[in-house]
Each structure stands twice: as C-alpha cells, then as structure tokens.
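This is upload00.cif (mmCIF, C-alpha atoms).
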data_data
loop_
_atom_site.label_atom_id
_atom_site.label_comp_id
_atom_site.auth_asym_id
_atom_site.auth_seq_id
_atom_site.Cartn_x
_atom_site.Cartn_y
_atom_site.Cartn_z
CA TRP A 1 0.00 0.00 0.00
CA PRO A 2 2.63 2.66 0.83
CA ARG A 3 4.32 2.20 -2.58
CA LEU A 4 1.02 2.42 -4.42
CA VAL A 5 -0.11 5.46 -2.44
CA SER A 6 3.21 7.23 -3.07
CA ARG A 7 2.49 7.28 -6.82
CA LEU A 8 -0.63 9.40 -6.33
CA GLU A 9 -0.87 13.17 -6.13
CA PRO A 10 -0.67 14.56 -2.55
CA ASP A 11 -4.40 15.29 -2.33
CA GLU A 12 -5.24 11.81 -3.59
CA GLN A 13 -2.77 10.26 -1.16
CA ARG A 14 -4.54 11.87 1.79
CA ARG A 15 -7.98 10.86 0.50
CA VAL A 16 -6.97 7.22 0.02
CA VAL A 17 -5.28 6.99 3.43
CA SER A 18 -8.29 8.61 5.10
CA ARG A 19 -10.61 6.07 3.47
CA LEU A 20 -8.43 3.17 4.64
CA LEU A 21 -8.31 4.49 8.20
CA ARG A 22 -12.07 4.94 8.25
CA GLU A 23 -12.41 1.29 7.22
CA VAL A 24 -10.17 0.27 10.13
CA ALA A 25 -12.28 2.27 12.57
CA GLY A 26 -15.59 1.24 11.02
CA ARG A 27 -14.83 -2.46 11.36
CA GLY A 28 -13.80 -2.09 14.99
CA CYS A 29 -10.30 -3.37 14.37
CA VAL A 30 -7.93 -3.57 17.35
CA ILE A 31 -4.24 -3.06 16.63
CA SER A 32 -2.34 -4.94 19.32
CA ASP A 33 1.00 -5.59 17.64
CA PRO A 34 3.77 -2.92 17.53
CA LEU A 35 4.89 -4.02 14.07
CA ARG A 36 1.38 -3.65 12.64
CA ALA A 37 1.02 -0.28 14.33
CA ASP A 38 4.31 0.79 12.78
CA ARG A 39 3.23 -0.31 9.29
CA LEU A 40 -0.10 1.48 9.62
CA LEU A 41 1.58 4.71 10.75
CA VAL A 42 3.98 4.50 7.80
CA LEU A 43 0.90 4.41 5.58
CA CYS A 44 -0.39 7.51 7.40
CA ALA A 45 2.62 9.59 6.32
CA PRO A 46 0.65 11.69 3.77
CA LEU A 47 -1.71 12.80 6.53
CA LEU A 48 1.04 13.28 9.11
CA GLN A 49 3.27 15.35 6.86
CA GLY A 50 0.79 17.21 4.68
CA ASP A 51 1.66 18.73 1.31
CA SER A 52 5.40 19.44 1.15
CA SER A 53 5.26 21.05 -2.29
CA PRO A 54 6.85 24.55 -2.48
CA ALA A 55 3.90 26.11 -4.28
CA ALA A 56 2.16 28.91 -2.40
CA PRO A 57 -1.12 27.81 -0.85
CA ALA A 58 -4.44 29.23 -1.91
CA ASN A 59 -6.60 31.21 0.50
CA GLY A 60 -7.33 29.00 3.47
CA ALA A 61 -5.17 26.18 2.10
CA GLU A 62 -2.51 24.35 3.98
CA THR A 63 1.07 25.64 4.11
CA ALA A 64 4.16 23.53 3.59
CA ASN A 65 4.60 22.73 7.27
CA GLY A 66 1.09 21.37 7.56
CA ALA A 67 -0.53 24.45 9.11
CA SER A 68 -3.43 26.45 7.76
CA ASP A 69 -3.69 30.19 7.28
CA ARG A 70 -7.26 30.02 8.63
CA SER A 71 -6.52 29.23 12.24
CA ASP A 72 -7.47 30.19 15.75
CA ALA A 73 -5.22 31.77 18.39
CA ASP A 74 -3.52 28.41 18.90
CA GLY A 75 -2.89 27.84 15.21
CA LEU A 76 -5.46 25.04 15.01
CA ASP A 77 -7.75 24.94 11.99
CA ALA A 78 -11.15 23.25 12.03
CA GLU A 79 -10.82 21.99 8.46
CA LEU A 80 -7.44 20.46 9.20
CA ALA A 81 -8.85 18.87 12.35
CA GLY A 82 -11.50 17.18 10.23
CA GLU A 83 -8.88 15.91 7.82
CA MET A 84 -6.84 14.48 10.71
CA ALA A 85 -9.86 12.89 12.43
CA PRO A 86 -9.26 9.39 10.91
CA VAL A 87 -5.73 9.36 12.35
CA ALA A 88 -7.05 10.44 15.75
CA ALA A 89 -9.67 7.69 15.66
CA MET A 90 -7.04 5.15 14.71
CA MET A 91 -5.04 6.01 17.86
CA HIS A 92 -7.96 4.69 19.92
CA ALA A 93 -7.74 1.36 18.09
CA LEU A 94 -4.28 0.74 19.59
CA ALA A 95 -4.88 -1.59 22.52
CA HIS A 96 -3.79 -4.78 24.26
CA GLU A 97 -4.99 -6.71 27.30
CA ASP A 98 -1.45 -6.69 28.71
CA THR A 99 -0.41 -3.22 29.87
CA ASP A 100 3.27 -3.64 28.96
CA ALA A 101 2.32 -4.81 25.46
CA GLU A 102 -0.04 -1.86 25.03
CA ALA A 103 2.72 0.50 26.12
CA ARG A 104 4.93 -0.87 23.34
CA VAL A 105 2.16 -0.42 20.78
CA LEU A 106 1.52 3.17 21.88
CA ASN A 107 5.25 3.92 21.88
CA ALA A 108 5.51 2.70 18.29
CA ALA A 109 2.70 5.10 17.35
CA TYR A 110 4.34 7.96 19.26
CA LYS A 111 7.54 7.68 17.20
CA HIS A 112 5.55 8.44 14.04
CA ALA A 113 3.20 10.99 15.62
CA ALA A 114 6.09 13.03 17.05
CA ALA A 115 7.53 13.37 13.53
CA ALA A 116 4.35 14.94 12.12
CA ALA A 117 4.39 18.41 10.57
CA PRO A 118 4.14 21.17 13.22
CA GLY A 119 0.64 22.23 12.24
CA ARG A 120 -0.59 18.64 12.39
CA LEU A 121 1.24 17.64 15.56
CA PRO A 122 -1.53 18.49 18.08
CA HIS A 123 -4.12 16.56 16.09
CA VAL A 124 -2.20 13.29 16.45
CA LEU A 125 -0.46 13.75 19.80
CA VAL A 126 -3.56 14.73 21.79
CA PRO A 127 -5.51 11.49 21.18
CA LEU A 128 -2.31 9.55 21.83
CA LEU A 129 -1.84 11.45 25.09
CA PHE A 130 -5.27 10.36 26.29
CA ARG A 131 -4.47 6.75 25.41
CA PHE A 132 -1.35 6.97 27.61
CA LEU A 133 -3.39 8.51 30.44
CA GLN A 134 -5.95 5.70 30.20
CA LEU A 135 -3.10 3.20 30.32
CA ALA A 136 -1.63 4.91 33.39
CA ARG A 137 -4.91 4.38 35.26
CA ARG A 138 -4.93 0.70 34.28
CA VAL A 139 -1.34 0.25 35.39
CA ARG A 140 -2.04 1.92 38.72
CA LEU A 141 -4.90 -0.50 39.41
CA ALA A 142 -2.68 -3.43 38.46
CA GLU A 143 0.07 -2.18 40.77
CA GLU A 144 -2.41 -1.92 43.63
CA ASP A 145 -3.27 -5.57 43.02
CA GLY A 146 0.41 -6.48 43.40
CA ALA A 147 1.32 -6.96 39.74
CA THR A 148 4.97 -6.64 38.70
CA LEU A 149 5.11 -4.60 35.50
CA GLU A 150 7.83 -3.45 33.15
CA VAL A 151 6.18 -0.09 32.50
CA SER A 152 5.12 1.55 35.76
CA CYS A 153 2.49 4.20 36.33
CA GLY A 154 5.24 6.65 37.27
CA LYS A 155 7.01 6.15 33.94
CA LEU A 156 3.81 6.78 32.01
CA LEU A 157 2.94 9.90 34.00
CA ALA A 158 6.43 11.28 33.37
CA PHE A 159 6.22 10.46 29.67
CA VAL A 160 2.94 12.26 29.08
CA GLY A 161 4.68 15.47 30.14
CA GLN A 162 7.00 15.10 27.15
CA ILE A 163 3.97 14.82 24.87
CA VAL A 164 2.48 18.03 26.26
CA GLN A 165 5.81 19.80 25.77
CA ALA A 166 5.75 18.78 22.11
CA VAL A 167 2.26 20.28 21.76
CA THR A 168 3.19 23.53 23.54
CA ALA A 169 5.00 25.21 20.65
CA ALA A 170 2.08 24.74 18.26
CA ALA A 171 -0.80 25.21 20.73
CA PRO A 172 0.08 26.71 24.14
CA ASN A 173 -3.54 27.23 25.20
CA LEU A 174 -4.30 23.61 24.45
CA ALA A 175 -1.11 22.53 26.23
CA LEU A 176 -2.24 24.33 29.38
CA ARG A 177 -5.45 22.32 29.42
CA LEU A 178 -3.55 19.12 28.79
CA TYR A 179 -1.30 19.84 31.76
CA VAL A 180 -4.42 20.14 33.92
CA GLN A 181 -5.69 16.82 32.57
CA CYS A 182 -2.35 15.16 33.32
CA ALA A 183 -2.42 16.64 36.83
CA GLN A 184 -5.88 15.20 37.47
CA VAL A 185 -4.78 11.72 36.38
CA ALA A 186 -1.57 11.95 38.43
CA ASP A 187 -3.63 13.00 41.45
CA SER A 188 -6.04 10.08 41.00
CA CYS A 189 -3.02 7.75 40.86
CA GLY A 190 -1.64 9.16 44.12
CA ASP A 191 1.32 10.95 42.51
CA ASP A 192 1.15 14.29 44.34
CA ASP A 193 4.56 15.46 43.08
CA GLY A 194 3.60 14.76 39.48
CA ALA A 195 0.24 16.50 39.86
CA TYR A 196 1.90 19.51 41.48
CA GLU A 197 4.52 19.71 38.71
CA TYR A 198 1.90 19.63 35.96
CA LEU A 199 -0.21 22.36 37.57
CA THR A 200 2.93 24.43 38.05
CA GLN A 201 3.67 24.01 34.33
CA ALA A 202 0.11 25.10 33.56
CA PHE A 203 0.55 28.30 35.58
CA THR A 204 3.90 28.91 33.84
CA LEU A 205 2.23 28.60 30.44
CA PHE A 206 -0.51 30.95 31.62
CA GLU A 207 2.07 33.58 32.53
CA GLU A 208 4.33 33.22 29.50
CA GLU A 209 2.14 32.15 26.59
CA VAL A 210 -1.51 33.11 27.12
CA ALA A 211 -2.02 36.65 25.83
CA GLU A 212 -5.73 37.24 25.17
CA GLN A 213 -7.75 38.31 28.21
CA SER A 214 -10.64 35.99 27.38
CA ALA A 215 -8.20 33.07 27.14
CA LYS A 216 -6.62 34.08 30.46
CA LEU A 217 -10.01 34.10 32.19
CA ALA A 218 -10.92 30.72 30.69
CA ALA A 219 -7.59 29.22 31.77
CA LEU A 220 -7.90 30.51 35.34
CA SER A 221 -11.48 29.27 35.52
CA LEU A 222 -10.30 25.80 34.52
CA LEU A 223 -7.45 25.78 37.03
CA SER A 224 -9.65 27.05 39.85
CA ALA A 225 -12.31 24.44 39.06
CA ALA A 226 -9.84 21.55 38.91
CA LEU A 227 -7.84 22.28 42.05
CA PRO A 228 -10.54 21.63 44.71
CA HIS A 229 -11.16 18.14 43.32
CA MET A 230 -7.55 17.02 43.81
CA THR A 231 -6.89 15.22 47.05
CA SER A 232 -3.23 14.16 47.09
CA PHE A 233 -1.60 17.54 47.77
CA SER A 234 0.03 18.50 51.02
CA ALA A 235 -1.24 21.63 52.77
CA GLU A 236 1.77 23.60 51.50
CA GLN A 237 1.38 22.47 47.90
CA TYR A 238 -2.34 23.21 47.88
CA GLU A 239 -1.86 26.63 49.43
CA THR A 240 0.77 27.57 46.84
CA LEU A 241 -1.43 26.57 43.90
CA ALA A 242 -4.57 28.21 45.28
CA ARG A 243 -2.66 31.41 45.99
CA SER A 244 -1.31 31.42 42.42
CA ALA A 245 -4.82 31.20 41.01
CA THR A 246 -5.91 34.14 43.18
CA GLN A 247 -2.91 36.30 42.39
CA TYR A 248 -3.07 35.74 38.65
CA GLY A 249 -6.79 36.47 38.70
CA ALA A 250 -6.10 39.86 40.29
CA THR A 251 -3.74 40.77 37.42
CA LEU A 252 -6.37 40.61 34.65
CA LEU A 253 -6.84 43.94 32.92
CA LYS A 254 -10.62 44.29 33.15
CA LYS A 255 -12.21 44.66 36.57
CA PRO A 256 -15.17 42.35 35.77
CA ASP A 257 -12.72 39.65 34.65
CA GLN A 258 -10.73 40.15 37.84
CA ALA A 259 -13.86 39.73 39.93
CA ARG A 260 -14.90 36.56 38.10
CA ALA A 261 -11.43 35.01 38.29
CA VAL A 262 -10.85 35.77 41.99
CA ALA A 263 -14.38 34.68 42.93
CA LYS A 264 -13.81 31.34 41.21
CA ALA A 265 -10.40 31.02 42.86
CA SER A 266 -12.05 31.49 46.27
CA PHE A 267 -13.71 28.08 45.89
CA ALA A 268 -10.25 26.53 46.18
CA PHE A 269 -10.28 27.67 49.82
CA TRP A 270 -13.86 26.49 50.43
CA PRO A 271 -14.72 23.49 48.23
CA LEU A 272 -18.41 22.69 48.01
CA ALA A 273 -17.94 18.95 47.54
CA GLY A 274 -17.95 17.74 51.14
CA LEU A 275 -15.42 18.40 53.84
CA SER A 276 -11.87 19.18 52.78
CA PRO A 277 -8.64 19.44 54.81
CA HIS A 278 -7.80 22.50 52.73
CA ARG A 279 -10.84 24.54 53.72
CA ASN A 280 -9.78 27.98 54.94
CA ALA A 281 -12.58 30.39 55.69
CA GLN A 282 -10.22 33.32 56.23
CA ARG A 283 -8.56 32.97 52.84
CA ALA A 284 -11.92 32.58 51.11
CA LEU A 285 -13.12 35.77 52.80
CA GLU A 286 -9.98 37.63 51.72
CA CYS A 287 -10.65 36.67 48.09
CA LEU A 288 -14.18 38.02 48.30
CA GLN A 289 -12.98 41.22 49.95
CA VAL A 290 -10.54 41.81 47.09
CA ILE A 291 -13.38 41.93 44.56
CA SER A 292 -15.93 43.73 46.71
CA PRO A 293 -16.69 47.32 45.57
#

Translate this file's structure into structure tokens.
Amino acid sequence: WPRLVSRLEPDEQRRVVSRLLREVAGRGCVISDPLRADRLLVLCAPLLQGDSSPAAPANGAETANGASDRSDADGLDAELAGEMAPVAAMMHALAHEDTDAEARVLNAAYKHAAAAAPGRLPHVLVPLLFRFLQLARRVRLAEEDGATLEVSCGKLLAFVGQIVQAVTAAAPNLALRLYVQCAQVADSCGDDDGAYEYLTQAFTLFEEEVAEQSAKLAALSLLSAALPHMTSFSAEQYETLARSATQYGATLLKKPDQARAVAKASFAFWPLAGLSPHRNAQRALECLQVISP
C-alpha cells in the first residue's frame, strides 16, 4: 500500500489513506501488535506530513509545514482537524490486554506521531496522550493488586509530560489544558509530586504564553475548578497553587474579569464537595474582599 499510495498526487494520497483508516475504525479493528502499528503509521505519512510542495497555498489552504492560514489563536484549523480525524480515531484502536504490550504499541505510534508536521502535531499527539493517560490508570490499578510490571504508572505519567511539551510550541492554550488533565490523572493515581509539577507548568504557560484576556479568564477558571477536586496535595502544595490562582486572577486587565477570576479562585479555599482538609474560611473571605466594591 505505501508504494502504491506514493504514486498518487498529494491530495489523492490523503484521500486514500483517510478512506483506509475509516475502514479500520468502522470495522472495529484492534491493533495490538507494535509491528502492525508501525506499518499502519507509515501508511499515514501523507496525513502526518501534509503537502510538502513549495507552491504557495491558496486562501485558506494548507502551508508547507502542515498548518493552515485560517486558524485560531492556537494555530489550530477546524478543516485540518476534520482531515486528521481518521488518524485520531485510529489512535484509539491501539490496545492490548497486557499493559506492557499496550505500552509498546503506543510507543511505536508515538515515534511516528512526534515526527508529524508542526501544524498537524496536536491533532495526532492529543488522542495519543489520552491513550497513555488511560493506560496509566490501568497500570495503577494493576500495581495496587500487586502486579509486577515493566512499565510503571510513574514512567507513564512522566512520559505524558514530554507529549504536552511537544504540543506547547504549536498550541500553548491547548497545552495548558492538557497539563491540567495530566495533573488530574496523576492525582487520582496518588502521585502528588507529578500533579503539582503539571499544575505548576500550567501556571507557567498561563504567565508566559496566554495573551488574550478571554483566554486568560478561561484558563484561570479551569485551574480554579480543577484544584478543589484534587486530594493528594500536602497543605503547603495546595496553598501555593490556590494562591497562584488568586494572584493571577487579580492581574487581569478588566475589573469584571478580575472579579470573576478571583471569585472562582475562592472556591479553592472552600470546596463545596464535602469536607476538605484544605478549607480555609479566612482565605476565602480575603478573596471576596478583594473583589468587593
């Protein structure tokens, strides 16, 4: 198939590969062998790399590096996302009953996904990231049952950070949300240091990469909503993260945005979901006093 596909024009290559991937997904195929995953990803090269011809793209067409000139603030284009959807769906067909074997299959896919064109990178790495996070939960349960595994939960949680770093350059706003997702999984697996590191990275991205005020408010809202539901942090770690959410909220340019951000951050000091060791009535009151007229 790869040799036959290579003789077609670039547009035809992508159409043929998309059709083949849709057949794989439509038939419910499970790819459990690293060699088969590798062969399938080799076939996906036209979608992963895009059109490398030097000709200038038409309005709204894809550039040589796989990006589109019709993109959002993160450089992600809806039309390109639709084109990459078969590859994303195929990532969810990579599975194995044995966690170590599944890790090898996913690693084989990662080697190809990481080599995708910059504009296409988020569309293939994000679904692969979620497959690794699902695997980390499975491994954690197996470890709790006393299983001896080659690939530990800690290794997987450390590796997903590398995937988010690869996404950061192309889509920093998306990367921030992925760091929060990784932190939630790390917290559920009892890795407080990993969860703390990922939320710290999210705040760093907020400070250095997020420019638009609406995006800043959305990011702080997400961080403030996620923090109270994490249970593995020490009192010092939790206090540091909650204080960061409050302080960054107070730096927003518009007063209404400041009020919304700080009000949402106050819930970190008084979670509604049952009793919490991190409840602090005084700090919650201070947040509300900051935004009071």

(request) For the file shown, report as a PyMOL selection string the outcome of the PyMOL selection byres ((chain A and resi 183-186) around 7) at residue level. (result) chain A and resi 133+157+179-182+187-192+194-196+198-199+230

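Of the residues under consideration (A:Glu207, A:Glu236, A:Asp98, A:Glu150), A:Glu207 shows the shortest atom-to-atom contact distance to Thr251 (chain A) when counting all atoms listed in the file.
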
(message) My list of candidates is A:Val262, A:Ser221, A:Tyr238, A:Phe269. Which is closest to Leu288 (chain A) when distances are computed with only C-alpha atoms?
(response)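 Using only C-alpha atoms, Leu288 (chain A) sits closest to A:Val262.
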
(message) Which residues would end up in the selection if the PyMOL selection byres ((chain A and resi 136) around 10) were applied here, given that I need the answer as a PyMOL selection string?
(response) chain A and resi 99+103+130-135+137-142+151-157+160+185-186+189

(request) Evaluate the PyMOL selection byres ((chain A and resi 105) around 10) here and jot the selected residues down as a ChimeraX atom specification. (result) /A:31-38,94-96,99-104,106-110

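With only C-alpha atoms as the atoms that count, the minimum distance from Gln282 (chain A) to the choices A:Thr200, A:Ser266, A:Thr246, A:Thr148 is reached by A:Ser266.
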
(message) As an exercise, work out the distance from CA of Leu41 (chain A) to CA of Asp77 (chain A) in Å and give it to one decimal place.
(response) 22.3 Å

(message) Can you measure CA of Leu176 (chain A) to CA of Ala202 (chain A) for me? One decimal in Å is fine.
(response)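 CA of Ala202 (chain A) lies 4.9 Å from CA of Leu176 (chain A).
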
(message) Ranking A:Phe159, A:Val87, A:Glu9, A:Ala225 by minimum distance to His112 (chain A) and counting all atoms listed in the file, which one comes first?
(response) A:Val87

(request) Go through A:Lys255, A:Arg283, A:Lys216, A:Arg260 and flag the residue nearest Ala242 (chain A), using only C-alpha atoms for the distances. (result) A:Arg283

(request) Report the distance between CA of Thr204 (chain A) and CA of Ile291 (chain A) in Å, rounded to one decimal place. (result)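 That distance, rounded to one decimal, is 24.1 Å.
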
(request) Would you kindly return, as a PyMOL selection string, each protein, DNA or RNA residue with an atom no farther than 7 Å from any atom of Leu205 (chain A), considering all atoms listed in the file and excluding same-chain residues fewer than 4 positions away? (result) chain A and resi 172+176+201+209-210

(request) For the point (2.4, 1.8, -2.0) in the file's frame, write as a count of residues only all residues with an atom no more than 12 Å away, counting all atoms listed in the file. (result) 18

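For the residues A:Ala147, A:Ala93, A:Ala175, A:Val30, ranking by smallest atom-to-atom distance to Val126 (chain A) using only C-alpha atoms places A:Ala175 first.
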
(request) Would you kindly return, as a list in words, each protein, DNA or RNA residue with an atom no farther than 10 Å from any atom of Leu220 (chain A), considering only C-alpha atoms and excluding same-chain residues fewer than 3 positions away? (result) Ala202, Phe203, Phe206, Ala215, Lys216, Leu217, Leu223, Ser224, Ala225, Ala226, Ser244, Ala245, Thr246, Tyr248, Gly249, Arg260, Ala261, Val262, Lys264 and Ala265 of chain A

Could you extract region 75-88 of chain A of the given structure into a file holding all heavy atoms, as an mmCIF file, in the first residue's frame?
data_model
loop_
_atom_site.group_PDB
_atom_site.id
_atom_site.type_symbol
_atom_site.label_atom_id
_atom_site.label_comp_id
_atom_site.auth_asym_id
_atom_site.auth_seq_id
_atom_site.Cartn_x
_atom_site.Cartn_y
_atom_site.Cartn_z
ATOM 1 N N GLY A 75 -3.378 28.368 16.469
ATOM 2 C CA GLY A 75 -2.891 27.839 15.209
ATOM 3 C C GLY A 75 -3.577 26.557 14.772
ATOM 4 O O GLY A 75 -3.060 25.830 13.925
ATOM 5 N N LEU A 76 -4.738 26.262 15.352
ATOM 6 C CA LEU A 76 -5.465 25.044 15.015
ATOM 7 C C LEU A 76 -6.632 25.378 14.101
ATOM 8 O O LEU A 76 -7.430 26.263 14.401
ATOM 9 C CB LEU A 76 -5.972 24.353 16.283
ATOM 10 C CG LEU A 76 -4.897 23.972 17.306
ATOM 11 C CD1 LEU A 76 -5.534 23.324 18.527
ATOM 12 C CD2 LEU A 76 -3.867 23.040 16.687
ATOM 13 N N ASP A 77 -6.734 24.667 13.001
ATOM 14 C CA ASP A 77 -7.748 24.940 11.993
ATOM 15 C C ASP A 77 -8.801 23.834 12.001
ATOM 16 O O ASP A 77 -8.472 22.650 12.054
ATOM 17 C CB ASP A 77 -7.089 25.025 10.610
ATOM 18 C CG ASP A 77 -8.102 25.264 9.517
ATOM 19 O OD1 ASP A 77 -8.611 26.389 9.419
ATOM 20 O OD2 ASP A 77 -8.396 24.324 8.779
ATOM 21 N N ALA A 78 -10.064 24.220 11.954
ATOM 22 C CA ALA A 78 -11.152 23.247 12.026
ATOM 23 C C ALA A 78 -11.148 22.308 10.822
ATOM 24 O O ALA A 78 -11.413 21.107 10.960
ATOM 25 C CB ALA A 78 -12.492 23.969 12.131
ATOM 26 N N GLU A 79 -10.837 22.840 9.655
ATOM 27 C CA GLU A 79 -10.820 21.993 8.460
ATOM 28 C C GLU A 79 -9.703 20.960 8.539
ATOM 29 O O GLU A 79 -9.883 19.796 8.180
ATOM 30 C CB GLU A 79 -10.633 22.880 7.225
ATOM 31 C CG GLU A 79 -10.705 22.121 5.912
ATOM 32 C CD GLU A 79 -10.632 23.043 4.713
ATOM 33 O OE1 GLU A 79 -10.797 24.270 4.882
ATOM 34 O OE2 GLU A 79 -10.406 22.534 3.596
ATOM 35 N N LEU A 80 -8.549 21.393 9.029
ATOM 36 C CA LEU A 80 -7.437 20.459 9.202
ATOM 37 C C LEU A 80 -7.761 19.413 10.256
ATOM 38 O O LEU A 80 -7.404 18.240 10.118
ATOM 39 C CB LEU A 80 -6.172 21.229 9.583
ATOM 40 C CG LEU A 80 -4.903 20.391 9.804
ATOM 41 C CD1 LEU A 80 -4.566 19.576 8.572
ATOM 42 C CD2 LEU A 80 -3.739 21.292 10.189
ATOM 43 N N ALA A 81 -8.457 19.820 11.318
ATOM 44 C CA ALA A 81 -8.849 18.872 12.353
ATOM 45 C C ALA A 81 -9.743 17.785 11.768
ATOM 46 O O ALA A 81 -9.625 16.602 12.119
ATOM 47 C CB ALA A 81 -9.563 19.600 13.485
ATOM 48 N N GLY A 82 -10.649 18.171 10.879
ATOM 49 C CA GLY A 82 -11.501 17.183 10.233
ATOM 50 C C GLY A 82 -10.713 16.228 9.364
ATOM 51 O O GLY A 82 -11.005 15.032 9.300
ATOM 52 N N GLU A 83 -9.711 16.757 8.674
ATOM 53 C CA GLU A 83 -8.881 15.908 7.825
ATOM 54 C C GLU A 83 -8.076 14.902 8.645
ATOM 55 O O GLU A 83 -7.846 13.774 8.223
ATOM 56 C CB GLU A 83 -7.920 16.785 7.010
ATOM 57 C CG GLU A 83 -7.043 16.004 6.046
ATOM 58 C CD GLU A 83 -6.150 16.911 5.224
ATOM 59 O OE1 GLU A 83 -6.662 17.902 4.681
ATOM 60 O OE2 GLU A 83 -4.940 16.628 5.137
ATOM 61 N N MET A 84 -7.660 15.338 9.858
ATOM 62 C CA MET A 84 -6.843 14.475 10.710
ATOM 63 C C MET A 84 -7.668 13.553 11.600
ATOM 64 O O MET A 84 -7.117 12.724 12.320
ATOM 65 C CB MET A 84 -5.934 15.342 11.588
ATOM 66 C CG MET A 84 -4.927 16.175 10.825
ATOM 67 S SD MET A 84 -3.777 15.158 9.875
ATOM 68 C CE MET A 84 -2.888 14.357 11.205
ATOM 69 N N ALA A 85 -8.996 13.685 11.559
ATOM 70 C CA ALA A 85 -9.860 12.885 12.431
ATOM 71 C C ALA A 85 -9.658 11.375 12.256
ATOM 72 O O ALA A 85 -9.663 10.638 13.254
ATOM 73 C CB ALA A 85 -11.324 13.258 12.206
ATOM 74 N N PRO A 86 -9.479 10.847 11.030
ATOM 75 C CA PRO A 86 -9.261 9.390 10.912
ATOM 76 C C PRO A 86 -8.007 8.913 11.632
ATOM 77 O O PRO A 86 -7.988 7.815 12.191
ATOM 78 C CB PRO A 86 -9.149 9.187 9.395
ATOM 79 C CG PRO A 86 -9.906 10.327 8.799
ATOM 80 C CD PRO A 86 -9.638 11.485 9.700
ATOM 81 N N VAL A 87 -6.950 9.740 11.638
ATOM 82 C CA VAL A 87 -5.730 9.360 12.350
ATOM 83 C C VAL A 87 -5.995 9.346 13.851
ATOM 84 O O VAL A 87 -5.563 8.444 14.571
ATOM 85 C CB VAL A 87 -4.575 10.328 12.015
ATOM 86 C CG1 VAL A 87 -3.298 9.884 12.715
ATOM 87 C CG2 VAL A 87 -4.345 10.399 10.517
ATOM 88 N N ALA A 88 -6.718 10.378 14.331
ATOM 89 C CA ALA A 88 -7.048 10.442 15.753
ATOM 90 C C ALA A 88 -7.877 9.235 16.170
ATOM 91 O O ALA A 88 -7.652 8.644 17.241
ATOM 92 C CB ALA A 88 -7.799 11.736 16.055
#
